[in-house]
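Asks: You'll find upload-v7.tsv just under this line, and it carries TSV, C-alpha atoms.
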chain	number	residue	atom	x	y	z
A	1	MET	CA	-7.14	6.44	-32.41
A	2	GLY	CA	-8.88	9.59	-33.54
A	3	GLY	CA	-11.66	10.03	-36.01
A	4	ALA	CA	-14.73	10.68	-33.89
A	5	ARG	CA	-15.93	14.03	-32.62
A	6	CYS	CA	-15.23	14.77	-28.99
A	7	MET	CA	-15.60	17.42	-26.34
A	8	CYS	CA	-12.72	18.12	-23.96
A	9	SER	CA	-13.94	19.20	-20.55
A	10	GLY	CA	-12.67	19.49	-17.01
A	11	SER	CA	-14.06	18.61	-13.63
A	12	SER	CA	-13.71	19.47	-9.96
A	13	PHE	CA	-13.23	16.87	-7.27
A	14	GLN	CA	-13.30	16.54	-3.48
A	15	SER	CA	-10.22	15.69	-1.45
A	16	LEU	CA	-9.89	12.59	0.74
A	17	GLY	CA	-6.91	10.88	2.28
A	18	THR	CA	-3.66	8.99	1.90
A	19	ILE	CA	-0.97	8.34	4.52
A	20	THR	CA	1.56	10.85	5.87
A	21	ALA	CA	4.40	10.65	8.35
A	22	LYS	CA	4.46	13.37	10.98
A	23	ALA	CA	7.62	14.32	12.84
A	24	HIS	CA	7.75	16.86	15.64
A	25	VAL	CA	10.78	18.95	16.49
A	26	LYS	CA	11.24	17.50	19.94
A	27	ASN	CA	10.40	14.37	21.93
A	28	ARG	CA	7.57	13.23	19.68
A	29	PRO	CA	7.25	10.00	17.68
A	30	TYR	CA	7.39	9.62	13.94
A	31	SER	CA	3.90	8.27	13.20
A	32	PRO	CA	1.51	7.70	10.26
A	33	LEU	CA	-1.49	9.97	9.75
A	34	PHE	CA	-4.07	10.12	7.00
A	35	THR	CA	-4.00	13.11	4.70
A	36	ALA	CA	-7.66	13.77	5.50
A	37	GLU	CA	-6.69	14.06	9.16
A	38	CYS	CA	-3.78	16.29	8.16
A	39	GLU	CA	-6.19	18.54	6.26
A	40	ARG	CA	-8.69	18.67	9.14
A	41	GLN	CA	-5.91	19.82	11.44
A	42	ASP	CA	-4.61	22.41	8.99
A	43	THR	CA	-5.50	25.39	11.20
A	44	MET	CA	-3.73	23.85	14.19
A	45	ARG	CA	-0.71	22.99	12.04
A	46	LEU	CA	-0.43	26.60	10.91
A	47	LEU	CA	-0.61	27.81	14.51
A	48	VAL	CA	2.05	25.47	15.89
A	49	MET	CA	4.10	25.28	12.65
A	50	ILE	CA	4.86	21.55	12.77
A	51	PRO	CA	6.85	20.27	9.76
A	52	GLN	CA	5.63	16.98	8.30
A	53	ILE	CA	7.45	14.46	6.09
A	54	SER	CA	5.25	11.94	4.31
A	55	TYR	CA	6.31	8.55	2.99
A	56	ALA	CA	3.07	7.80	1.12
A	57	SER	CA	0.89	10.86	0.44
A	58	THR	CA	0.80	11.58	-3.29
A	59	ALA	CA	-2.25	13.88	-3.54
A	60	PRO	CA	-1.46	16.76	-5.95
A	61	GLU	CA	-3.09	19.42	-3.73
A	62	LEU	CA	-0.40	18.88	-1.08
A	63	SER	CA	2.04	20.64	-3.44
A	64	ASP	CA	0.26	23.93	-2.67
A	65	ASP	CA	2.83	25.62	-0.41
A	66	ARG	CA	0.40	28.42	0.38
A	67	ARG	CA	-1.81	25.98	2.26
A	68	TYR	CA	0.58	23.11	3.07
A	69	ASP	CA	3.77	25.10	3.55
A	70	PHE	CA	5.06	22.80	6.32
A	71	PHE	CA	4.45	19.61	4.33
A	72	SER	CA	7.20	17.67	2.53
A	73	ARG	CA	7.26	14.16	1.05
A	74	VAL	CA	9.79	11.61	-0.15
A	75	VAL	CA	7.36	10.27	-2.77
A	76	PRO	CA	6.45	12.22	-5.92
A	77	PRO	CA	2.99	13.81	-6.25
A	78	ASP	CA	0.44	12.24	-8.59
A	79	SER	CA	0.77	15.25	-10.88
A	80	PHE	CA	4.16	13.81	-11.92
A	81	GLN	CA	2.71	10.42	-12.87
A	82	ALA	CA	-0.14	12.23	-14.63
A	83	GLN	CA	2.52	13.99	-16.69
A	84	ALA	CA	4.15	10.61	-17.37
A	85	MET	CA	0.79	9.26	-18.56
A	86	VAL	CA	0.31	12.22	-20.90
A	87	ASP	CA	3.81	11.60	-22.29
A	88	ILE	CA	2.97	7.90	-22.83
A	89	VAL	CA	-0.25	8.75	-24.65
A	90	LYS	CA	1.59	11.19	-26.90
A	91	ALA	CA	4.45	8.74	-27.55
A	92	MET	CA	1.90	6.13	-28.65
A	93	GLY	CA	0.29	8.62	-31.02
A	94	TRP	CA	-3.10	8.47	-29.29
A	95	ASN	CA	-5.24	11.60	-29.33
A	96	TYR	CA	-8.62	10.34	-28.07
A	97	VAL	CA	-8.74	8.72	-24.61
A	98	SER	CA	-11.12	8.16	-21.71
A	99	THR	CA	-10.47	8.26	-17.97
A	100	VAL	CA	-11.79	6.21	-15.03
A	101	ALA	CA	-11.33	7.17	-11.36
A	102	SER	CA	-12.26	5.66	-8.03
A	103	GLU	CA	-14.34	8.13	-6.05
A	104	GLY	CA	-12.08	9.95	-3.58
A	105	SER	CA	-8.97	12.07	-3.51
A	106	TYR	CA	-6.53	9.61	-5.09
A	107	GLY	CA	-8.62	8.70	-8.12
A	108	GLU	CA	-10.34	12.00	-8.76
A	109	LYS	CA	-7.34	14.26	-8.18
A	110	GLY	CA	-5.15	11.97	-10.30
A	111	VAL	CA	-7.55	12.13	-13.24
A	112	GLU	CA	-8.01	15.86	-12.73
A	113	ALA	CA	-4.22	16.32	-12.98
A	114	PHE	CA	-4.10	14.19	-16.15
A	115	MET	CA	-6.88	16.20	-17.76
A	116	GLN	CA	-5.31	19.53	-16.87
A	117	ILE	CA	-1.85	18.53	-18.13
A	118	SER	CA	-3.33	17.05	-21.32
A	119	ARG	CA	-5.23	20.31	-21.96
A	120	ASP	CA	-2.04	22.32	-21.43
A	121	ALA	CA	-0.07	20.00	-23.73
A	122	GLY	CA	-2.72	19.98	-26.45
A	123	GLY	CA	-3.39	17.25	-28.96
A	124	ILE	CA	-5.25	14.95	-26.55
A	125	CYS	CA	-9.04	14.90	-26.31
A	126	ILE	CA	-10.99	13.31	-23.46
A	127	ALA	CA	-13.87	11.23	-24.77
A	128	GLN	CA	-15.33	10.38	-21.35
A	129	SER	CA	-14.36	10.88	-17.72
A	130	LEU	CA	-16.10	8.31	-15.53
A	131	LYS	CA	-16.14	7.80	-11.76
A	132	ILE	CA	-16.56	4.57	-9.77
A	133	PRO	CA	-18.73	5.29	-6.71
A	134	HIS	CA	-17.76	4.27	-3.17
A	135	ASP	CA	-20.77	1.99	-2.87
A	136	ARG	CA	-20.24	0.43	-6.28
A	137	LYS	CA	-21.92	-2.79	-7.40
A	138	GLN	CA	-21.10	-5.05	-10.33
A	139	ALA	CA	-23.78	-3.24	-12.31
A	140	ASP	CA	-21.76	-0.02	-11.95
A	141	PHE	CA	-18.71	-1.65	-13.55
A	142	ASP	CA	-20.85	-3.15	-16.33
A	143	LYS	CA	-22.30	0.29	-17.04
A	144	ILE	CA	-18.82	1.88	-17.15
A	145	ILE	CA	-17.62	-0.69	-19.70
A	146	ASP	CA	-20.72	-0.04	-21.82
A	147	GLN	CA	-20.12	3.71	-21.61
A	148	LEU	CA	-16.45	3.34	-22.54
A	149	TYR	CA	-17.34	1.16	-25.51
A	150	SER	CA	-19.92	3.70	-26.70
A	151	THR	CA	-16.95	5.85	-27.80
A	152	SER	CA	-15.18	2.85	-29.30
A	153	ASN	CA	-12.52	4.91	-31.07
A	154	ALA	CA	-11.20	5.98	-27.66
A	155	ARG	CA	-9.64	2.63	-26.85
A	156	ALA	CA	-7.00	4.00	-24.47
A	157	VAL	CA	-8.31	4.33	-20.90
A	158	ILE	CA	-6.45	6.13	-18.09
A	159	ILE	CA	-7.18	4.50	-14.72
A	160	PHE	CA	-6.59	5.97	-11.26
A	161	ALA	CA	-8.37	3.37	-9.13
A	162	SER	CA	-8.11	1.01	-6.16
A	163	ASP	CA	-7.23	-2.68	-6.49
A	164	GLU	CA	-10.86	-3.68	-6.04
A	165	ASP	CA	-12.08	-1.19	-8.63
A	166	ILE	CA	-9.45	-2.27	-11.15
A	167	ARG	CA	-10.63	-5.86	-10.68
A	168	GLY	CA	-14.23	-4.75	-11.15
A	169	ILE	CA	-13.40	-2.98	-14.41
A	170	LEU	CA	-11.38	-5.91	-15.80
A	171	ASN	CA	-14.06	-8.40	-14.79
A	172	ALA	CA	-16.76	-6.30	-16.44
A	173	SER	CA	-14.72	-6.07	-19.65
A	174	LYS	CA	-14.40	-9.85	-19.61
A	175	LYS	CA	-18.15	-10.32	-19.00
A	176	ALA	CA	-18.95	-7.98	-21.89
A	177	ASP	CA	-16.53	-9.84	-24.20
A	178	ARG	CA	-14.44	-6.67	-24.61
A	179	VAL	CA	-11.09	-8.25	-23.71
A	180	GLY	CA	-8.45	-6.84	-26.06
A	181	HIS	CA	-10.47	-3.78	-27.03
A	182	PHE	CA	-9.32	-1.40	-24.32
A	183	LEU	CA	-5.73	-0.21	-23.90
A	184	TRP	CA	-5.36	0.31	-20.15
A	185	ILE	CA	-2.94	2.89	-18.73
A	186	GLY	CA	-2.83	2.25	-14.97
A	187	SER	CA	-1.47	4.47	-12.21
A	188	ASP	CA	0.78	3.37	-9.36
A	189	SER	CA	-2.17	1.83	-7.47
A	190	TRP	CA	-1.99	-0.85	-10.19
A	191	GLY	CA	1.77	-0.78	-10.63
A	192	ALA	CA	3.22	-4.29	-10.88
A	193	LYS	CA	0.82	-5.92	-8.43
A	194	SER	CA	-0.80	-9.29	-8.95
A	195	SER	CA	-3.84	-8.61	-6.72
A	196	PRO	CA	-5.75	-6.35	-9.17
A	197	ILE	CA	-5.49	-8.90	-12.00
A	198	TYR	CA	-5.62	-12.28	-10.22
A	199	LEU	CA	-7.71	-14.68	-12.36
A	200	LEU	CA	-8.28	-11.77	-14.76
A	201	GLU	CA	-4.87	-11.86	-16.42
A	202	GLU	CA	-6.32	-12.24	-19.92
A	203	ALA	CA	-8.19	-8.94	-19.55
A	204	ALA	CA	-5.03	-7.18	-18.32
A	205	VAL	CA	-2.71	-8.20	-21.17
A	206	GLY	CA	-1.27	-5.11	-22.86
A	207	ALA	CA	-1.89	-2.78	-19.91
A	208	ILE	CA	0.81	-0.17	-19.31
A	209	THR	CA	1.27	0.67	-15.64
A	210	ILE	CA	3.38	3.07	-13.60
A	211	LEU	CA	5.24	2.63	-10.33
A	212	PRO	CA	7.59	4.97	-8.45
A	213	LYS	CA	11.11	3.60	-8.65
A	214	ARG	CA	11.72	1.52	-5.55
A	215	THR	CA	13.88	-1.31	-4.34
A	216	THR	CA	13.64	-4.07	-1.77
A	217	ILE	CA	15.67	-3.28	1.35
A	218	ALA	CA	17.50	-6.52	2.19
A	219	GLY	CA	18.43	-5.35	5.67
A	220	PHE	CA	14.77	-4.82	6.54
A	221	ASP	CA	13.88	-8.35	5.42
A	222	ALA	CA	16.66	-9.81	7.56
A	223	TYR	CA	15.56	-7.77	10.57
A	224	PHE	CA	11.81	-8.28	10.28
A	225	THR	CA	11.87	-12.02	9.58
A	226	SER	CA	14.10	-12.49	12.66
A	227	ARG	CA	11.51	-10.90	14.96
A	228	THR	CA	9.94	-13.27	17.51
A	229	LEU	CA	7.77	-12.94	20.59
A	230	GLU	CA	10.95	-13.33	22.66
A	231	ASN	CA	13.13	-10.69	21.02
A	232	ASN	CA	10.47	-8.05	20.33
A	233	ARG	CA	11.18	-5.24	22.77
A	234	ARG	CA	9.45	-2.13	21.46
A	235	ASN	CA	6.53	-2.84	19.13
A	236	VAL	CA	3.38	-2.73	21.25
A	237	TRP	CA	1.28	-4.14	18.39
A	238	PHE	CA	3.54	-7.12	17.73
A	239	ALA	CA	1.41	-9.65	19.64
A	240	GLU	CA	-1.66	-8.59	17.65
A	241	PHE	CA	0.34	-8.87	14.42
A	242	TRP	CA	1.54	-12.33	15.47
A	243	GLU	CA	-2.01	-13.60	15.95
A	244	GLU	CA	-3.15	-12.16	12.64
A	245	ASN	CA	-0.11	-13.34	10.71
A	246	PHE	CA	-0.21	-16.92	11.98
A	247	ASN	CA	-3.99	-17.14	12.50
A	248	CYS	CA	-3.72	-18.20	16.13
A	249	LYS	CA	-4.46	-16.97	19.66
A	250	LEU	CA	-1.82	-16.05	22.21
A	251	MET	CA	-4.15	-16.01	25.20
A	252	SER	CA	-7.74	-16.70	26.13
A	253	SER	CA	-8.45	-12.97	26.34
A	254	SER	CA	-7.44	-12.51	22.70
A	255	LYS	CA	-9.88	-10.54	20.57
A	256	LYS	CA	-9.23	-12.77	17.56
A	257	GLU	CA	-12.41	-14.76	17.02
A	258	GLU	CA	-11.77	-16.48	13.68
A	259	THR	CA	-9.76	-19.33	15.20
A	260	SER	CA	-9.39	-21.34	18.38
A	261	ARG	CA	-5.87	-22.52	17.56
A	262	LYS	CA	-3.28	-21.46	20.12
A	263	CYS	CA	0.03	-19.87	19.09
A	264	THR	CA	3.11	-21.85	20.13
A	265	GLY	CA	5.49	-18.90	19.99
A	266	GLN	CA	7.77	-20.98	17.79
A	267	GLU	CA	6.21	-19.77	14.54
A	268	ARG	CA	8.59	-17.96	12.19
A	269	ILE	CA	7.82	-15.09	9.80
A	270	GLY	CA	8.42	-16.09	6.19
A	271	ILE	CA	8.61	-19.79	7.06
A	272	ASP	CA	5.28	-20.51	8.72
A	273	SER	CA	3.58	-17.61	6.94
A	274	LYS	CA	3.89	-15.75	3.66
A	275	TYR	CA	6.14	-12.71	3.73
A	276	GLU	CA	6.69	-10.00	1.15
A	277	GLN	CA	8.22	-6.63	1.92
A	278	GLU	CA	5.68	-3.81	1.75
A	279	GLY	CA	6.51	-1.51	-1.15
A	280	LYS	CA	6.76	1.66	0.94
A	281	VAL	CA	9.53	0.47	3.28
A	282	GLN	CA	12.15	2.36	1.26
A	283	PHE	CA	10.18	5.58	1.58
A	284	VAL	CA	9.54	5.18	5.30
A	285	ILE	CA	13.29	4.80	5.85
A	286	ASP	CA	14.05	7.81	3.65
A	287	ALA	CA	11.47	9.96	5.47
A	288	VAL	CA	12.98	9.11	8.86
A	289	TYR	CA	16.51	9.84	7.62
A	290	ALA	CA	15.39	13.09	6.00
A	291	MET	CA	14.16	14.31	9.38
A	292	ALA	CA	17.32	13.01	11.05
A	293	HIS	CA	19.60	14.78	8.56
A	294	ALA	CA	17.66	18.02	9.01
A	295	LEU	CA	17.89	17.84	12.81
A	296	HIS	CA	21.58	16.91	12.62
A	297	ASN	CA	22.40	19.87	10.36
A	298	MET	CA	20.32	22.17	12.51
A	299	GLN	CA	22.13	21.02	15.66
A	300	LYS	CA	25.54	21.53	14.03
A	301	ASP	CA	24.67	25.10	13.05
A	302	LEU	CA	22.85	26.20	16.19
A	303	CYS	CA	24.77	24.22	18.81
A	304	PRO	CA	28.37	24.03	17.54
A	305	ASP	CA	29.81	23.71	21.04
A	306	THR	CA	27.20	21.28	22.39
A	307	SER	CA	26.82	17.57	21.77
A	308	GLY	CA	23.06	17.68	22.33
A	309	ILE	CA	20.22	20.17	22.02
A	310	CYS	CA	21.06	23.70	23.13
A	311	LEU	CA	18.76	26.62	23.96
A	312	ASP	CA	18.94	28.06	20.42
A	313	MET	CA	17.66	24.75	19.03
A	314	GLU	CA	14.99	24.46	21.73
A	315	ILE	CA	13.45	27.78	20.73
A	316	ALA	CA	14.18	27.54	16.98
A	317	GLY	CA	10.63	26.54	16.02
A	318	GLY	CA	9.10	24.85	13.00
A	319	LYS	CA	9.97	27.49	10.40
A	320	LYS	CA	13.68	27.08	11.00
A	321	LEU	CA	13.41	23.29	11.02
A	322	LEU	CA	11.50	23.43	7.73
A	323	LYS	CA	14.37	25.36	6.19
A	324	TYR	CA	16.75	22.55	7.13
A	325	ILE	CA	14.35	19.86	5.88
A	326	ARG	CA	14.03	21.51	2.47
A	327	SER	CA	17.83	21.83	2.22
A	328	ILE	CA	18.73	18.18	2.82
A	329	SER	CA	20.39	16.10	0.11
A	330	PHE	CA	21.64	12.56	0.68
A	331	ASN	CA	21.64	9.12	-0.93
A	332	GLY	CA	18.59	7.24	0.31
A	333	SER	CA	18.08	3.57	1.11
A	334	ALA	CA	17.77	2.70	-2.60
A	335	GLY	CA	20.94	4.61	-3.52
A	336	THR	CA	19.03	7.46	-5.19
A	337	SER	CA	19.18	11.06	-3.99
A	338	VAL	CA	16.63	12.32	-1.48
A	339	THR	CA	15.83	16.00	-2.08
A	340	PHE	CA	12.82	18.33	-1.99
A	341	ASN	CA	11.79	21.05	-4.42
A	342	ARG	CA	10.43	24.42	-3.28
A	343	ASN	CA	6.99	22.85	-2.72
A	344	GLY	CA	8.42	20.03	-0.64
A	345	ASP	CA	7.95	17.41	-3.37
A	346	ALA	CA	10.39	14.61	-4.16
A	347	PRO	CA	11.63	14.17	-7.75
A	348	GLY	CA	9.42	12.13	-10.09
A	349	ARG	CA	11.09	8.80	-10.82
A	350	TYR	CA	8.93	6.03	-12.27
A	351	ASP	CA	9.35	2.62	-13.87
A	352	LEU	CA	6.93	1.78	-16.68
A	353	PHE	CA	5.57	-1.75	-17.02
A	354	GLN	CA	3.48	-3.61	-19.53
A	355	TYR	CA	1.60	-6.79	-18.72
A	356	GLN	CA	2.71	-9.10	-21.53
A	357	VAL	CA	2.57	-12.75	-22.56
A	358	ASN	CA	6.03	-14.08	-23.44
A	359	ASN	CA	7.02	-16.69	-26.02
A	360	ASN	CA	6.25	-19.46	-23.54
A	361	ASN	CA	2.70	-18.14	-23.21
A	362	THR	CA	3.47	-17.03	-19.65
A	363	PRO	CA	2.02	-13.64	-18.65
A	364	GLY	CA	3.87	-11.15	-16.46
A	365	TYR	CA	4.91	-7.54	-15.99
A	366	LYS	CA	7.84	-6.40	-18.11
A	367	VAL	CA	9.74	-3.13	-17.63
A	368	ILE	CA	9.37	-1.18	-20.88
A	369	GLY	CA	10.79	2.20	-19.91
A	370	GLN	CA	11.07	4.88	-17.28
A	371	TRP	CA	10.08	8.46	-16.60
A	372	MET	CA	12.40	10.91	-14.84
A	373	ASP	CA	11.25	14.40	-15.89
A	374	ASN	CA	11.01	13.01	-19.41
A	375	LEU	CA	9.83	9.78	-20.98
A	376	GLN	CA	12.18	7.00	-22.02
A	377	LEU	CA	10.01	4.50	-23.88
A	378	ASN	CA	10.31	2.60	-27.13
A	379	PRO	CA	6.77	2.06	-28.44
A	380	VAL	CA	8.05	-0.88	-30.51
A	381	SER	CA	8.66	-2.77	-27.25
A	382	CYS	CA	4.93	-2.59	-26.43
A	383	PRO	CA	3.01	-5.36	-28.24
A	384	TRP	CA	-0.75	-4.89	-28.50
Could you write out this file's structure as structure tokens?

Replies:
Amino acid sequence: MGGARCMCSGSSFQSLGTITAKAHVKNRPYSPLFTAECERQDTMRLLVMIPQISYASTAPELSDDRRYDFFSRVVPPDSFQAQAMVDIVKAMGWNYVSTVASEGSYGEKGVEAFMQISRDAGGICIAQSLKIPHDRKQADFDKIIDQLYSTSNARAVIIFASDEDIRGILNASKKADRVGHFLWIGSDSWGAKSSPIYLLEEAAVGAITILPKRTTIAGFDAYFTSRTLENNRRNVWFAEFWEENFNCKLMSSSKKEETSRKCTGQERIGIDSKYEQEGKVQFVIDAVYAMAHALHNMQKDLCPDTSGICLDMEIAGGKKLLKYIRSISFNGSAGTSVTFNRNGDAPGRYDLFQYQVNNNNTPGYKVIGQWMDNLQLNPVSCPW
């Protein structure tokens, strides 16, 4: 895919947010926070030394243990999937690619990591690096497709973008009659989801996408689908979820305005409504157990003669707890090991998909390889 002249250049991007899970040493809940909020409270965090374990934050900058030394995560940073993308590009023999990012931390930092790693690796030139603005309009997507096509030899396009932005790009390529020209390499925001490509499947055929290795937790499905208004005892948001899920009102004072239909209370999750397990359930469970293992090991060491929390554990502080968090190693909910490196990052483990049309002319995602520190991919299995 070479042949044309190109200029390889870098860029600098702002940081926005993804989701983290924050756990305090004592008597505090395990709760989700946005990375942006985590960053805004960085000074406070340093003062009180509160360890955090995230189940969703993948921003590369959180690997900086000089600034985020109390931060750990059970998901790999985007720098790992950027490395996987570089390895895919090299395995395919491509040396001239473009990048597209949604404005914000996820898209811009992901592309920045790809560009840096590709510069370090050598042999890959960036034709264009384009950004989709927050307040994008269809004209923005049309312009991006025109710009990408202006360097037509750079057919491979690396995408770190939201569902809506991926749809906008695919739709614009279809409008411009460029379906089949671009070779999309999508990050985990695309993964194996149907929402970014719904009714745009033709434009997505051939796309290679990445997703952290994950599995459906059967026990969670059994538990969650058995929840009713009668047996819910602890989730204070369950009534609100019930109204939203079944599109009904529980009481006249309900804030739900889209419907006047009253809930019967006999509705059932997965029977009277669609149900699909959210992809991060595995990581939420692993984050909770990581904290639990750390606290358990800490209690065993500091309170050997006490069944509960002793004075030594009460006054231990965040630094000591962090040491135990970084030392944990156990088999997680998917059967894979849960560990942290010196920066608090989880190992990079990804499945690689390609959106293909099979012999029956039925499109779908097919697993074509994996990445676990190194690429396992047979380019012959990737029809274009």

Asks: Pick the closest to Arg326 in chain A from A:Ile126, A:Ile53, A:Leu377, A:Ala101: which is it, counting all atoms listed in the file?

Replies: A:Ile53

Asks: Between CA of Ile169 in chain A and CA of Ala84 in chain A, what is the distance, to one decimal in Å?

Replies: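 Taking CA of Ile169 in chain A as the start and CA of Ala84 in chain A as the end point, the length is 22.4 Å.
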
Asks: Taking all atoms of range 272-276 of chain A that the file lists, what box with edges along x, y and z, padded by 3 Å per side, do you get, with centre and edge lengths in Å to one decimal, as AutoDock Vina command-line options?

Replies:
--center_x 5.1 --center_y -15.3 --center_z 4.9 --size_x 9.1 --size_y 16.5 --size_z 13.6

Asks: Of the candidates A:Val100, A:Met85, A:Val111, A:Val338, which shows the shortest atom-to-atom distance to Gln128 in chain A, using only C-alpha atoms?

Replies: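 Residue with the minimum atom-to-atom distance to Gln128 in chain A: A:Val100.
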
Asks: Go through A:Thr215, A:Thr264, A:Gln299, A:Thr362 one by one, measure the shortest atom-to-atom distance of each to Glu243 in chain A using all atoms listed in the file, and give the residue with the smallest value.

Replies: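 The answer is A:Thr264, which sits nearest to Glu243 in chain A.
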
Asks: Determine the nearest neighbour of Ser337 in chain A from the options A:Glu267, A:Asp64, A:Glu314, A:Asp286, counting all atoms listed in the file.

Replies: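 For Ser337 in chain A, the nearest of the given residues is A:Asp286.
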
Asks: Around the point (9.6, 19.3, 2.9), in the coordinates given by the file, pick out the residues reaching within 10 Å, counting all atoms listed in the file, and return them as a ChimeraX atom specification.

Replies: /A:51-54,63,65,68-74,287,290-291,321-328,339-346

Asks: Near Asp221 in chain A, counting all atoms listed in the file, which residues have an atom at most 10 Å away, once you skip same-chain residues fewer than 4 positions from it, shown as a list in words?

Replies: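 Within the cut-off, the hits are Thr216, Ile217, Thr225, Ser226, Gly270, Tyr275, Glu276 and Gln277 of chain A.
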
Asks: What is the CA of Glu108 in chain A-CA of Thr58 in chain A distance in Å, reported with one decimal?

Replies: 12.4 Å

Asks: List the spatial neighbours of range 351-361 of chain A as a list in words - criterion: any atom at most 6 Å away, only C-alpha atoms, same-chain residues fewer than 4 positions off excluded.

Replies: Val205, Gly206, Ala207, Ile208, Thr209, Ile210, Leu211, Lys213, Tyr365, Lys366, Val367, Ile368, Gly369 and Gln370 of chain A

Asks: Just give me the gap between CA of Val157 in chain A and CA of Ala121 in chain A in Å, one decimal is fine.

Replies: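 CA of Ala121 in chain A lies at a distance of 17.9 Å from CA of Val157 in chain A.
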
Asks: Taking 6 positions as the minimum chain separation for residues in the same chain, which residues sit within 9 Å of His134 in chain A when counting all atoms listed in the file? Answer as number ranges by chain.

Replies: A: 102-104

Asks: So that I can see what lies close to range 78-81 of chain A, please list as an MDAnalysis selection string the residues with an atom at most 7 Å from it, counting all atoms listed in the file and leaving out residues fewer than 2 positions away in the same chain.

Replies: chainID A and resid 58:60 76 83:85 110 113 348
